[in-house]
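Structure data follow from structure03.cif (mmCIF, C-alpha atoms, pLDDT in the B column; chains and numbers go by the auth columns):
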```cif
data_protein
#
loop_
_atom_site.group_PDB
_atom_site.id
_atom_site.type_symbol
_atom_site.label_atom_id
_atom_site.label_comp_id
_atom_site.label_asym_id
_atom_site.label_seq_id
_atom_site.Cartn_x
_atom_site.Cartn_y
_atom_site.Cartn_z
_atom_site.B_iso_or_equiv
_atom_site.auth_seq_id
_atom_site.auth_asym_id
ATOM 1 C CA MET A 1 -14.333 -7.025 -17.955 61.00 423 A
ATOM 2 C CA THR A 2 -10.878 -7.480 -19.426 65.00 424 A
ATOM 3 C CA VAL A 3 -8.078 -9.206 -17.500 59.00 425 A
ATOM 4 C CA VAL A 4 -4.474 -8.648 -18.575 61.00 426 A
ATOM 5 C CA GLU A 5 -1.643 -10.559 -16.918 57.00 427 A
ATOM 6 C CA LYS A 6 1.889 -9.161 -16.723 62.00 428 A
ATOM 7 C CA ASN A 7 4.381 -12.023 -16.762 55.00 429 A
ATOM 8 C CA THR A 8 7.630 -10.093 -16.956 52.00 430 A
ATOM 9 C CA GLY A 9 9.214 -7.088 -15.319 51.00 431 A
ATOM 10 C CA SER A 10 10.934 -6.247 -12.087 47.00 432 A
ATOM 11 C CA ASP A 11 9.159 -6.809 -8.808 53.00 433 A
ATOM 12 C CA GLY A 12 7.494 -3.857 -7.116 60.00 434 A
ATOM 13 C CA SER A 13 4.502 -2.733 -5.098 68.00 435 A
ATOM 14 C CA GLU A 14 1.012 -2.564 -6.556 73.00 436 A
ATOM 15 C CA TYR A 15 1.282 1.229 -6.449 76.00 437 A
ATOM 16 C CA ALA A 16 4.508 1.162 -8.488 78.00 438 A
ATOM 17 C CA TRP A 17 2.858 -1.152 -11.016 82.00 439 A
ATOM 18 C CA ALA A 18 -0.177 1.152 -11.150 86.00 440 A
ATOM 19 C CA LYS A 19 2.061 4.069 -12.138 87.00 441 A
ATOM 20 C CA LYS A 20 3.747 1.914 -14.760 86.00 442 A
ATOM 21 C CA THR A 21 0.359 0.797 -16.097 89.00 443 A
ATOM 22 C CA ALA A 22 -0.850 4.391 -16.191 91.00 444 A
ATOM 23 C CA ASP A 23 2.121 5.283 -18.406 91.00 445 A
ATOM 24 C CA GLU A 24 1.162 2.458 -20.760 89.00 446 A
ATOM 25 C CA TYR A 25 -2.371 3.823 -21.104 91.00 447 A
ATOM 26 C CA ARG A 26 -1.022 7.336 -21.695 93.00 448 A
ATOM 27 C CA ALA A 27 1.181 5.959 -24.471 91.00 449 A
ATOM 28 C CA ARG A 28 -1.998 4.597 -26.073 90.00 450 A
ATOM 29 C CA GLY A 29 -3.522 8.079 -26.105 92.00 451 A
ATOM 30 C CA TYR A 30 -5.606 7.998 -22.927 93.00 452 A
ATOM 31 C CA GLU A 31 -5.954 10.845 -20.474 94.00 453 A
ATOM 32 C CA VAL A 32 -5.097 9.161 -17.188 94.00 454 A
ATOM 33 C CA THR A 33 -5.570 9.908 -13.503 92.00 455 A
ATOM 34 C CA LEU A 34 -4.308 7.758 -10.627 91.00 456 A
ATOM 35 C CA GLU A 35 -6.203 6.950 -7.419 86.00 457 A
ATOM 36 C CA SER A 36 -9.276 8.748 -8.625 85.00 458 A
ATOM 37 C CA SER A 37 -12.967 8.710 -7.771 85.00 459 A
ATOM 38 C CA VAL A 38 -15.969 8.578 -10.092 88.00 460 A
ATOM 39 C CA ASP A 39 -19.520 9.729 -9.416 89.00 461 A
ATOM 40 C CA PHE A 40 -21.156 6.294 -9.680 90.00 462 A
ATOM 41 C CA LEU A 41 -18.720 4.676 -7.211 88.00 463 A
ATOM 42 C CA PRO A 42 -19.179 6.782 -4.071 86.00 464 A
ATOM 43 C CA GLY A 43 -16.587 6.187 -1.383 80.00 465 A
ATOM 44 C CA PHE A 44 -14.333 4.101 -3.630 84.00 466 A
ATOM 45 C CA ARG A 45 -11.040 5.266 -5.120 85.00 467 A
ATOM 46 C CA VAL A 46 -10.002 3.330 -8.203 88.00 468 A
ATOM 47 C CA ASP A 47 -6.395 2.762 -9.215 90.00 469 A
ATOM 48 C CA ILE A 48 -6.655 4.305 -12.698 92.00 470 A
ATOM 49 C CA VAL A 49 -9.254 6.189 -14.736 94.00 471 A
ATOM 50 C CA ALA A 50 -8.361 6.276 -18.455 94.00 472 A
ATOM 51 C CA LEU A 51 -10.400 8.415 -20.902 94.00 473 A
ATOM 52 C CA LYS A 52 -10.121 8.678 -24.693 91.00 474 A
ATOM 53 C CA GLU A 53 -12.737 9.977 -27.166 87.00 475 A
ATOM 54 C CA GLY A 54 -15.738 8.700 -25.271 80.00 476 A
ATOM 55 C CA GLU A 55 -14.002 5.474 -24.250 88.00 477 A
ATOM 56 C CA ASN A 56 -13.946 5.381 -20.471 92.00 478 A
ATOM 57 C CA ARG A 57 -11.956 2.724 -18.624 93.00 479 A
ATOM 58 C CA ILE A 58 -11.449 1.980 -14.961 93.00 480 A
ATOM 59 C CA VAL A 59 -8.331 -0.072 -14.278 92.00 481 A
ATOM 60 C CA GLU A 60 -7.466 -1.936 -11.097 89.00 482 A
ATOM 61 C CA VAL A 61 -3.942 -3.311 -10.614 86.00 483 A
ATOM 62 C CA ARG A 62 -3.779 -6.460 -8.486 81.00 484 A
ATOM 63 C CA ARG A 63 -1.691 -9.484 -7.676 75.00 485 A
ATOM 64 C CA ARG A 64 -3.551 -12.740 -8.200 71.00 486 A
ATOM 65 C CA SER A 65 -3.522 -13.492 -4.467 66.00 487 A
ATOM 66 C CA SER A 66 -5.100 -10.149 -3.531 66.00 488 A
ATOM 67 C CA LEU A 67 -7.594 -10.515 -6.377 65.00 489 A
ATOM 68 C CA ARG A 68 -8.913 -13.735 -4.852 59.00 490 A
ATOM 69 C CA ALA A 69 -9.203 -12.082 -1.444 56.00 491 A
ATOM 70 C CA ASP A 70 -11.123 -8.997 -2.579 64.00 492 A
ATOM 71 C CA SER A 71 -14.724 -9.981 -3.290 66.00 493 A
ATOM 72 C CA ARG A 72 -15.611 -6.333 -3.864 75.00 494 A
ATOM 73 C CA LEU A 73 -14.093 -6.443 -7.339 77.00 495 A
ATOM 74 C CA HIS A 74 -16.976 -8.566 -8.643 81.00 496 A
ATOM 75 C CA ASP A 75 -19.522 -5.974 -7.526 84.00 497 A
ATOM 76 C CA LEU A 76 -17.257 -3.234 -8.829 85.00 498 A
ATOM 77 C CA ALA A 77 -17.115 -4.839 -12.278 86.00 499 A
ATOM 78 C CA ARG A 78 -20.916 -5.155 -12.468 88.00 500 A
ATOM 79 C CA THR A 79 -21.430 -1.534 -11.445 91.00 501 A
ATOM 80 C CA ILE A 80 -18.860 -0.168 -13.899 91.00 502 A
ATOM 81 C CA GLU A 81 -20.042 -2.183 -16.873 89.00 503 A
ATOM 82 C CA SER A 82 -23.655 -1.181 -16.225 92.00 504 A
ATOM 83 C CA GLN A 83 -22.654 2.414 -16.997 91.00 505 A
ATOM 84 C CA PRO A 84 -22.921 3.377 -20.697 91.00 506 A
ATOM 85 C CA GLY A 85 -19.494 3.938 -22.235 91.00 507 A
ATOM 86 C CA TRP A 86 -17.542 2.514 -19.302 93.00 508 A
ATOM 87 C CA SER A 87 -15.474 -0.675 -19.145 92.00 509 A
ATOM 88 C CA PHE A 88 -13.402 -2.376 -16.475 91.00 510 A
ATOM 89 C CA ASP A 89 -9.845 -3.700 -16.839 89.00 511 A
ATOM 90 C CA ILE A 90 -7.929 -5.746 -14.278 87.00 512 A
ATOM 91 C CA VAL A 91 -4.157 -5.864 -14.654 85.00 513 A
ATOM 92 C CA LEU A 92 -2.588 -8.858 -12.886 82.00 514 A
ATOM 93 C CA ILE A 93 1.015 -8.339 -11.883 79.00 515 A
ATOM 94 C CA PRO A 94 3.718 -10.796 -10.754 70.00 516 A
ATOM 95 C CA GLU A 95 3.608 -11.992 -7.176 64.00 517 A
ATOM 96 C CA SER A 96 6.244 -10.439 -4.983 59.00 518 A
ATOM 97 C CA LEU A 97 8.902 -12.293 -3.071 53.00 519 A
ATOM 98 C CA GLN A 98 8.169 -13.085 0.554 54.00 520 A
ATOM 99 C CA LEU A 99 10.392 -12.136 3.430 56.00 521 A
ATOM 100 C CA ILE A 100 12.153 -15.065 5.054 59.00 522 A
ATOM 101 C CA ALA A 101 11.557 -15.589 8.768 63.00 523 A
ATOM 102 C CA PRO A 102 11.709 -18.618 11.083 67.00 524 A
ATOM 103 C CA ASP A 103 8.659 -20.876 11.169 70.00 525 A
ATOM 104 C CA GLY A 104 6.126 -19.714 13.712 70.00 526 A
ATOM 105 C CA SER A 105 6.941 -16.006 13.380 71.00 527 A
ATOM 106 C CA ARG A 106 3.915 -13.808 14.092 71.00 528 A
ATOM 107 C CA PRO A 107 3.293 -10.071 14.531 71.00 529 A
ATOM 108 C CA ILE A 108 3.957 -8.984 18.078 80.00 530 A
ATOM 109 C CA GLY A 109 0.446 -7.616 18.600 80.00 531 A
ATOM 110 C CA VAL A 110 -0.888 -4.145 19.263 83.00 532 A
ATOM 111 C CA GLU A 111 -0.158 -4.021 22.998 87.00 533 A
ATOM 112 C CA ALA A 112 3.485 -5.005 22.527 89.00 534 A
ATOM 113 C CA ALA A 113 3.781 -2.618 19.574 87.00 535 A
ATOM 114 C CA LEU A 114 2.570 0.293 21.706 87.00 536 A
ATOM 115 C CA HIS A 115 5.156 -0.675 24.319 90.00 537 A
ATOM 116 C CA GLN A 116 7.832 -0.603 21.609 90.00 538 A
ATOM 117 C CA LEU A 117 6.684 2.842 20.491 87.00 539 A
ATOM 118 C CA GLY A 118 7.133 4.089 24.035 88.00 540 A
ATOM 119 C CA ALA A 119 10.672 2.714 23.989 91.00 541 A
ATOM 120 C CA ALA A 120 11.274 4.422 20.645 87.00 542 A
ATOM 121 C CA GLU A 121 10.197 7.776 22.058 85.00 543 A
ATOM 122 C CA ARG A 122 12.546 7.348 25.016 89.00 544 A
ATOM 123 C CA LEU A 123 15.419 6.518 22.657 88.00 545 A
ATOM 124 C CA LEU A 124 14.595 9.567 20.578 82.00 546 A
ATOM 125 C CA ASP A 125 14.606 11.799 23.665 84.00 547 A
ATOM 126 C CA ALA A 126 17.946 10.268 24.690 88.00 548 A
ATOM 127 C CA GLY A 127 19.508 11.213 21.350 84.00 549 A
ATOM 128 C CA TYR A 128 19.348 7.891 19.493 87.00 550 A
ATOM 129 C CA PRO A 129 17.063 8.630 16.525 85.00 551 A
ATOM 130 C CA GLU A 130 18.387 5.757 14.397 87.00 552 A
ATOM 131 C CA SER A 131 17.572 3.165 17.061 89.00 553 A
ATOM 132 C CA ALA A 132 14.193 4.829 17.646 87.00 554 A
ATOM 133 C CA LEU A 133 13.401 4.610 13.938 87.00 555 A
ATOM 134 C CA LEU A 134 14.100 0.871 13.727 90.00 556 A
ATOM 135 C CA ILE A 135 12.017 0.005 16.796 91.00 557 A
ATOM 136 C CA ALA A 136 9.133 2.277 15.812 88.00 558 A
ATOM 137 C CA TRP A 137 9.093 0.941 12.262 89.00 559 A
ATOM 138 C CA ALA A 138 8.922 -2.668 13.473 89.00 560 A
ATOM 139 C CA ALA A 139 6.000 -1.742 15.722 89.00 561 A
ATOM 140 C CA CYS A 140 4.193 -0.079 12.829 87.00 562 A
ATOM 141 C CA GLU A 141 4.555 -3.137 10.572 86.00 563 A
ATOM 142 C CA ALA A 142 3.363 -5.427 13.348 86.00 564 A
ATOM 143 C CA VAL A 143 0.184 -3.412 13.879 86.00 565 A
ATOM 144 C CA LEU A 144 -0.543 -3.188 10.149 86.00 566 A
ATOM 145 C CA ARG A 145 -0.145 -6.956 9.725 84.00 567 A
ATOM 146 C CA THR A 146 -2.415 -7.614 12.712 85.00 568 A
ATOM 147 C CA GLN A 147 -5.092 -5.238 11.446 85.00 569 A
ATOM 148 C CA LEU A 148 -4.925 -6.744 7.963 81.00 570 A
ATOM 149 C CA GLN A 149 -5.436 -10.198 9.435 81.00 571 A
ATOM 150 C CA GLU A 150 -8.507 -8.952 11.316 82.00 572 A
ATOM 151 C CA GLU A 151 -9.850 -7.238 8.196 78.00 573 A
ATOM 152 C CA THR A 152 -9.312 -10.087 5.736 72.00 574 A
ATOM 153 C CA GLY A 153 -9.495 -13.150 7.971 67.00 575 A
ATOM 154 C CA ARG A 154 -6.295 -14.473 6.437 61.00 576 A
ATOM 155 C CA ASP A 155 -3.223 -15.613 8.312 59.00 577 A
ATOM 156 C CA ASN A 156 -0.436 -13.094 8.408 56.00 578 A
ATOM 157 C CA ASP A 157 2.141 -13.532 5.707 59.00 579 A
ATOM 158 C CA MET A 158 5.611 -12.103 5.330 60.00 580 A
ATOM 159 C CA SER A 159 4.871 -9.886 2.363 66.00 581 A
ATOM 160 C CA LEU A 160 7.336 -7.143 1.572 70.00 582 A
ATOM 161 C CA THR A 161 6.807 -3.771 3.220 76.00 583 A
ATOM 162 C CA GLY A 162 5.600 -2.026 0.061 74.00 584 A
ATOM 163 C CA GLN A 163 2.987 -4.756 -0.423 73.00 585 A
ATOM 164 C CA LEU A 164 1.910 -4.453 3.190 79.00 586 A
ATOM 165 C CA MET A 165 1.335 -0.707 2.955 82.00 587 A
ATOM 166 C CA ASP A 166 -0.564 -1.000 -0.328 78.00 588 A
ATOM 167 C CA ALA A 167 -2.831 -3.682 1.154 78.00 589 A
ATOM 168 C CA ALA A 168 -3.431 -1.603 4.296 82.00 590 A
ATOM 169 C CA THR A 169 -4.420 1.327 2.084 82.00 591 A
ATOM 170 C CA MET A 170 -6.725 -0.790 -0.079 74.00 592 A
ATOM 171 C CA TYR A 171 -8.618 -2.009 2.997 77.00 593 A
ATOM 172 C CA GLY A 172 -8.851 1.476 4.518 82.00 594 A
ATOM 173 C CA ILE A 173 -6.548 0.789 7.466 84.00 595 A
ATOM 174 C CA ILE A 174 -4.337 3.738 6.559 84.00 596 A
ATOM 175 C CA SER A 175 -5.000 6.660 4.240 85.00 597 A
ATOM 176 C CA HIS A 176 -3.247 7.293 0.935 82.00 598 A
ATOM 177 C CA GLU A 177 -1.469 10.212 2.603 84.00 599 A
ATOM 178 C CA ASP A 178 -0.242 7.955 5.430 84.00 600 A
ATOM 179 C CA ARG A 179 0.994 5.397 2.900 83.00 601 A
ATOM 180 C CA ASP A 180 2.938 8.002 0.921 82.00 602 A
ATOM 181 C CA TYR A 181 4.465 9.341 4.140 82.00 603 A
ATOM 182 C CA LEU A 182 5.491 5.867 5.274 84.00 604 A
ATOM 183 C CA LYS A 183 6.982 5.033 1.879 81.00 605 A
ATOM 184 C CA GLY A 184 9.099 8.173 2.088 78.00 606 A
ATOM 185 C CA LEU A 185 10.188 7.189 5.584 82.00 607 A
ATOM 186 C CA GLN A 186 10.972 3.653 4.433 84.00 608 A
ATOM 187 C CA ALA A 187 14.061 4.832 2.570 83.00 609 A
ATOM 188 C CA LEU A 188 15.448 6.237 5.827 85.00 610 A
ATOM 189 C CA ARG A 189 14.630 2.959 7.620 87.00 611 A
ATOM 190 C CA ASN A 190 16.499 1.033 4.931 87.00 612 A
ATOM 191 C CA ALA A 191 19.534 3.306 5.263 86.00 613 A
ATOM 192 C CA VAL A 192 19.686 2.845 9.035 87.00 614 A
ATOM 193 C CA ALA A 193 19.151 -0.925 8.850 87.00 615 A
ATOM 194 C CA HIS A 194 22.181 -1.224 6.565 87.00 616 A
ATOM 195 C CA GLY A 195 24.553 0.899 8.621 86.00 617 A
ATOM 196 C CA PHE A 196 23.940 4.385 7.236 84.00 618 A
ATOM 197 C CA SER A 197 22.610 7.577 8.765 76.00 619 A
ATOM 198 C CA HIS A 198 20.927 10.676 7.396 76.00 620 A
ATOM 199 C CA ALA A 199 20.344 14.164 8.756 74.00 621 A
ATOM 200 C CA GLU A 200 16.623 13.940 7.978 73.00 622 A
ATOM 201 C CA ILE A 201 16.146 11.197 10.562 68.00 623 A
ATOM 202 C CA ARG A 202 16.423 13.787 13.311 60.00 624 A
ATOM 203 C CA ALA A 203 13.457 15.681 11.861 57.00 625 A
ATOM 204 C CA PHE A 204 11.009 12.922 12.735 52.00 626 A
ATOM 205 C CA VAL A 205 9.270 11.875 15.889 44.00 627 A
ATOM 206 C CA PHE A 206 7.246 8.684 16.105 45.00 628 A
ATOM 207 C CA CYS A 207 4.003 8.316 17.942 39.00 629 A
ATOM 208 C CA TRP A 208 0.862 6.281 17.604 37.00 630 A
ATOM 209 C CA ASP A 209 -2.326 8.278 17.162 39.00 631 A
ATOM 210 C CA SER A 210 -5.441 6.288 16.222 37.00 632 A
ATOM 211 C CA GLY A 211 -3.349 3.951 14.088 40.00 633 A
ATOM 212 C CA CYS A 212 -1.415 6.595 12.180 40.00 634 A
ATOM 213 C CA TRP A 213 2.077 7.996 12.202 41.00 635 A
ATOM 214 C CA ALA A 214 2.539 11.679 12.970 42.00 636 A
ATOM 215 C CA ARG A 215 5.227 14.265 12.349 40.00 637 A
ATOM 216 C CA ARG A 216 6.910 16.265 15.077 36.00 638 A
ATOM 217 C CA GLY A 217 4.497 18.721 16.661 37.00 639 A
ATOM 218 C CA SER A 218 1.331 16.870 15.637 38.00 640 A
ATOM 219 C CA CYS A 219 1.251 14.207 18.367 35.00 641 A
#
```
What would you get if you wrote out this structure as structure tokens?
Amino acid sequence: MTVVEKNTGSDGSEYAWAKKTADEYRARGYEVTLESSVDFLPGFRVDIVALKEGENRIVEVRRRSSLRADSRLHDLARTIESQPGWSFDIVLIPESLQLIAPDGSRPIGVEAALHQLGAAERLLDAGYPESALLIAWAACEAVLRTQLQEETGRDNDMSLTGQLMDAATMYGIISHEDRDYLKGLQALRNAVAHGFSHAEIRAFVFCWDSGCWARRGSC
């Protein structure tokens, strides 16, 4: 197992760093796929598979804090390196900044989040999609943080939203498709939070369905 630590570069989510790392492997002549599966790791999607002339590498991109929390990586390394021609690389990336909130801040909990989602739907029906988006987004983050705490046993932190969604995906709380959808929606949330609007906001409806967001017509 090879561990490479990135000490410089702009901050970003683990997914953004995975794409950047994939480009680095491509520049070294590897054929690269992101979020791929391999036959000898059933049910597990790895960050990067890099292949070159019989040299097969699996690469996981992690922050040091998430590396300590994920005991599965040790088993993963043993399984990969037991396969002829395969090796395992871990790329450690800089820790992200934390959001600043008053001491004692905690997620609002699932019950309160569901109540907020009901309020968001009423605001949407009343013609206030921007307000609905902000309330629904806050409810979504609260539920994800609560579920991550239950999954990992760690106290909730104030990690940035991109980090939160990547962690929720890694632990199977949301799917890769859900994460990509939420990251697309995040740009609209940011616009509204800073006093802007966008026509696309009116194309969305927010509902909670088994822990996932849904588009209009699918609730």
Nearest to Thr501 (chain A) among A:Leu463, A:Leu539, A:Leu456, A:Leu570, with distances taken over only C-alpha atoms: which residue is it? A:Leu463
When you look at Glu475 (chain A) with a cut-off of 12 Å (counting all atoms listed in the file), what residues show up, excluding the ones that are within fewer than 5 positions of it in the same chain? I need them as a list in words. Gly451, Tyr452, Glu453, Gly507 and Trp508 of chain A
Evaluate the PyMOL selection byres ((chain A and resi 478-485) around 8) against this structure - the residues, as number ranges by chain, please. A: 436, 439-440, 468-474, 476-477, 486-489, 502, 507-517
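Compared by their closest atoms to Ser597 (chain A), and using only C-alpha atoms, the residues A:Ala560, A:Glu457, A:Lys442, A:Leu610 rank with A:Glu457 nearest.
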Report as a PyMOL selection string all protein, DNA and RNA residues lying within 10 Å of Gly531 (chain A), evaluated on only C-alpha atoms, omitting residues in the same chain fewer than 5 positions from it. chain A and resi 536+561+564-569
Evaluate the PyMOL selection byres ((chain A and resi 614) around 12) on the structure here and hand back the selected residues as a PDB file with C-alpha atoms, in the frame of the given file.
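Result file is part_26.pdb:
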```
ATOM      1  CA  TYR A 550      19.348   7.891  19.493  1.00 87.00           C
ATOM      2  CA  PRO A 551      17.063   8.630  16.525  1.00 85.00           C
ATOM      3  CA  GLU A 552      18.387   5.757  14.397  1.00 87.00           C
ATOM      4  CA  SER A 553      17.572   3.165  17.061  1.00 89.00           C
ATOM      5  CA  ALA A 554      14.193   4.829  17.646  1.00 87.00           C
ATOM      6  CA  LEU A 555      13.401   4.610  13.938  1.00 87.00           C
ATOM      7  CA  LEU A 556      14.100   0.871  13.727  1.00 90.00           C
ATOM      8  CA  ILE A 557      12.017   0.005  16.796  1.00 91.00           C
ATOM      9  CA  TRP A 559       9.093   0.941  12.262  1.00 89.00           C
ATOM     10  CA  LEU A 607      10.188   7.189   5.584  1.00 82.00           C
ATOM     11  CA  GLN A 608      10.972   3.653   4.433  1.00 84.00           C
ATOM     12  CA  ALA A 609      14.061   4.832   2.570  1.00 83.00           C
ATOM     13  CA  LEU A 610      15.448   6.237   5.827  1.00 85.00           C
ATOM     14  CA  ARG A 611      14.630   2.959   7.620  1.00 87.00           C
ATOM     15  CA  ASN A 612      16.499   1.033   4.931  1.00 87.00           C
ATOM     16  CA  ALA A 613      19.534   3.306   5.263  1.00 86.00           C
ATOM     17  CA  ALA A 615      19.151  -0.925   8.850  1.00 87.00           C
ATOM     18  CA  HIS A 616      22.181  -1.224   6.565  1.00 87.00           C
ATOM     19  CA  GLY A 617      24.553   0.899   8.621  1.00 86.00           C
ATOM     20  CA  PHE A 618      23.940   4.385   7.236  1.00 84.00           C
ATOM     21  CA  SER A 619      22.610   7.577   8.765  1.00 76.00           C
ATOM     22  CA  HIS A 620      20.927  10.676   7.396  1.00 76.00           C
ATOM     23  CA  ALA A 621      20.344  14.164   8.756  1.00 74.00           C
ATOM     24  CA  GLU A 622      16.623  13.940   7.978  1.00 73.00           C
ATOM     25  CA  ILE A 623      16.146  11.197  10.562  1.00 68.00           C
TER      26      ILE A 623
END
```
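Between CA of His598 (chain A) and CA of Ser459 (chain A) there is a distance of 13.1 Å.
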Since fewer atoms than expected are present, regenerate all heavy atoms for region 587-595 of chain A and write them as a PDB file, in the frame of the given file.
```pdb
ATOM      1  N   MET A 587       1.924  -2.039   2.893  1.00 82.00           N
ATOM      2  CA  MET A 587       1.335  -0.707   2.955  1.00 82.00           C
ATOM      3  C   MET A 587       0.254  -0.524   1.899  1.00 82.00           C
ATOM      4  O   MET A 587      -0.775   0.119   2.143  1.00 82.00           O
ATOM      5  CB  MET A 587       2.435   0.352   2.822  1.00 82.00           C
ATOM      6  CG  MET A 587       3.332   0.440   4.054  1.00 82.00           C
ATOM      7  SD  MET A 587       4.494   1.816   4.008  1.00 82.00           S
ATOM      8  CE  MET A 587       5.702   1.197   2.833  1.00 82.00           C
ATOM      9  N   ASP A 588       0.464  -1.094   0.711  1.00 78.00           N
ATOM     10  CA  ASP A 588      -0.564  -1.000  -0.328  1.00 78.00           C
ATOM     11  C   ASP A 588      -1.836  -1.733   0.100  1.00 78.00           C
ATOM     12  O   ASP A 588      -2.950  -1.245  -0.111  1.00 78.00           O
ATOM     13  CB  ASP A 588      -0.038  -1.581  -1.647  1.00 78.00           C
ATOM     14  CG  ASP A 588       0.941  -0.660  -2.340  1.00 78.00           C
ATOM     15  OD1 ASP A 588       0.907   0.551  -2.060  1.00 78.00           O
ATOM     16  OD2 ASP A 588       1.736  -1.139  -3.161  1.00 78.00           O
ATOM     17  N   ALA A 589      -1.666  -2.919   0.704  1.00 78.00           N
ATOM     18  CA  ALA A 589      -2.831  -3.682   1.154  1.00 78.00           C
ATOM     19  C   ALA A 589      -3.565  -2.943   2.268  1.00 78.00           C
ATOM     20  O   ALA A 589      -4.800  -2.893   2.296  1.00 78.00           O
ATOM     21  CB  ALA A 589      -2.403  -5.067   1.621  1.00 78.00           C
ATOM     22  N   ALA A 590      -2.812  -2.347   3.204  1.00 82.00           N
ATOM     23  CA  ALA A 590      -3.431  -1.603   4.296  1.00 82.00           C
ATOM     24  C   ALA A 590      -4.216  -0.401   3.765  1.00 82.00           C
ATOM     25  O   ALA A 590      -5.269  -0.050   4.296  1.00 82.00           O
ATOM     26  CB  ALA A 590      -2.366  -1.151   5.288  1.00 82.00           C
ATOM     27  N   THR A 591      -3.708   0.210   2.697  1.00 82.00           N
ATOM     28  CA  THR A 591      -4.420   1.327   2.084  1.00 82.00           C
ATOM     29  C   THR A 591      -5.680   0.848   1.383  1.00 82.00           C
ATOM     30  O   THR A 591      -6.752   1.447   1.498  1.00 82.00           O
ATOM     31  CB  THR A 591      -3.509   2.053   1.079  1.00 82.00           C
ATOM     32  OG1 THR A 591      -2.289   2.435   1.724  1.00 82.00           O
ATOM     33  CG2 THR A 591      -4.181   3.301   0.533  1.00 82.00           C
ATOM     34  N   MET A 592      -5.586  -0.261   0.659  1.00 74.00           N
ATOM     35  CA  MET A 592      -6.725  -0.790  -0.079  1.00 74.00           C
ATOM     36  C   MET A 592      -7.882  -1.122   0.857  1.00 74.00           C
ATOM     37  O   MET A 592      -9.055  -0.897   0.519  1.00 74.00           O
ATOM     38  CB  MET A 592      -6.316  -2.038  -0.863  1.00 74.00           C
ATOM     39  CG  MET A 592      -7.431  -2.638  -1.702  1.00 74.00           C
ATOM     40  SD  MET A 592      -6.900  -4.062  -2.686  1.00 74.00           S
ATOM     41  CE  MET A 592      -6.744  -5.326  -1.421  1.00 74.00           C
ATOM     42  N   TYR A 593      -7.578  -1.634   2.057  1.00 77.00           N
ATOM     43  CA  TYR A 593      -8.618  -2.009   2.997  1.00 77.00           C
ATOM     44  C   TYR A 593      -8.983  -0.873   3.959  1.00 77.00           C
ATOM     45  O   TYR A 593      -9.736  -1.080   4.911  1.00 77.00           O
ATOM     46  CB  TYR A 593      -8.191  -3.244   3.783  1.00 77.00           C
ATOM     47  CG  TYR A 593      -8.305  -4.516   2.972  1.00 77.00           C
ATOM     48  CD1 TYR A 593      -7.188  -5.072   2.361  1.00 77.00           C
ATOM     49  CD2 TYR A 593      -9.532  -5.153   2.799  1.00 77.00           C
ATOM     50  CE1 TYR A 593      -7.293  -6.229   1.604  1.00 77.00           C
ATOM     51  CE2 TYR A 593      -9.640  -6.312   2.045  1.00 77.00           C
ATOM     52  CZ  TYR A 593      -8.519  -6.841   1.452  1.00 77.00           C
ATOM     53  OH  TYR A 593      -8.621  -7.979   0.694  1.00 77.00           O
ATOM     54  N   GLY A 594      -8.455   0.322   3.726  1.00 82.00           N
ATOM     55  CA  GLY A 594      -8.851   1.476   4.518  1.00 82.00           C
ATOM     56  C   GLY A 594      -8.240   1.546   5.898  1.00 82.00           C
ATOM     57  O   GLY A 594      -8.702   2.314   6.745  1.00 82.00           O
ATOM     58  N   ILE A 595      -7.193   0.774   6.154  1.00 84.00           N
ATOM     59  CA  ILE A 595      -6.548   0.789   7.466  1.00 84.00           C
ATOM     60  C   ILE A 595      -5.709   2.054   7.634  1.00 84.00           C
ATOM     61  O   ILE A 595      -5.651   2.636   8.722  1.00 84.00           O
ATOM     62  CB  ILE A 595      -5.697  -0.478   7.654  1.00 84.00           C
ATOM     63  CG1 ILE A 595      -6.624  -1.705   7.672  1.00 84.00           C
ATOM     64  CG2 ILE A 595      -4.867  -0.420   8.929  1.00 84.00           C
ATOM     65  CD1 ILE A 595      -5.895  -3.026   7.600  1.00 84.00           C
TER      66      ILE A 595
END
```
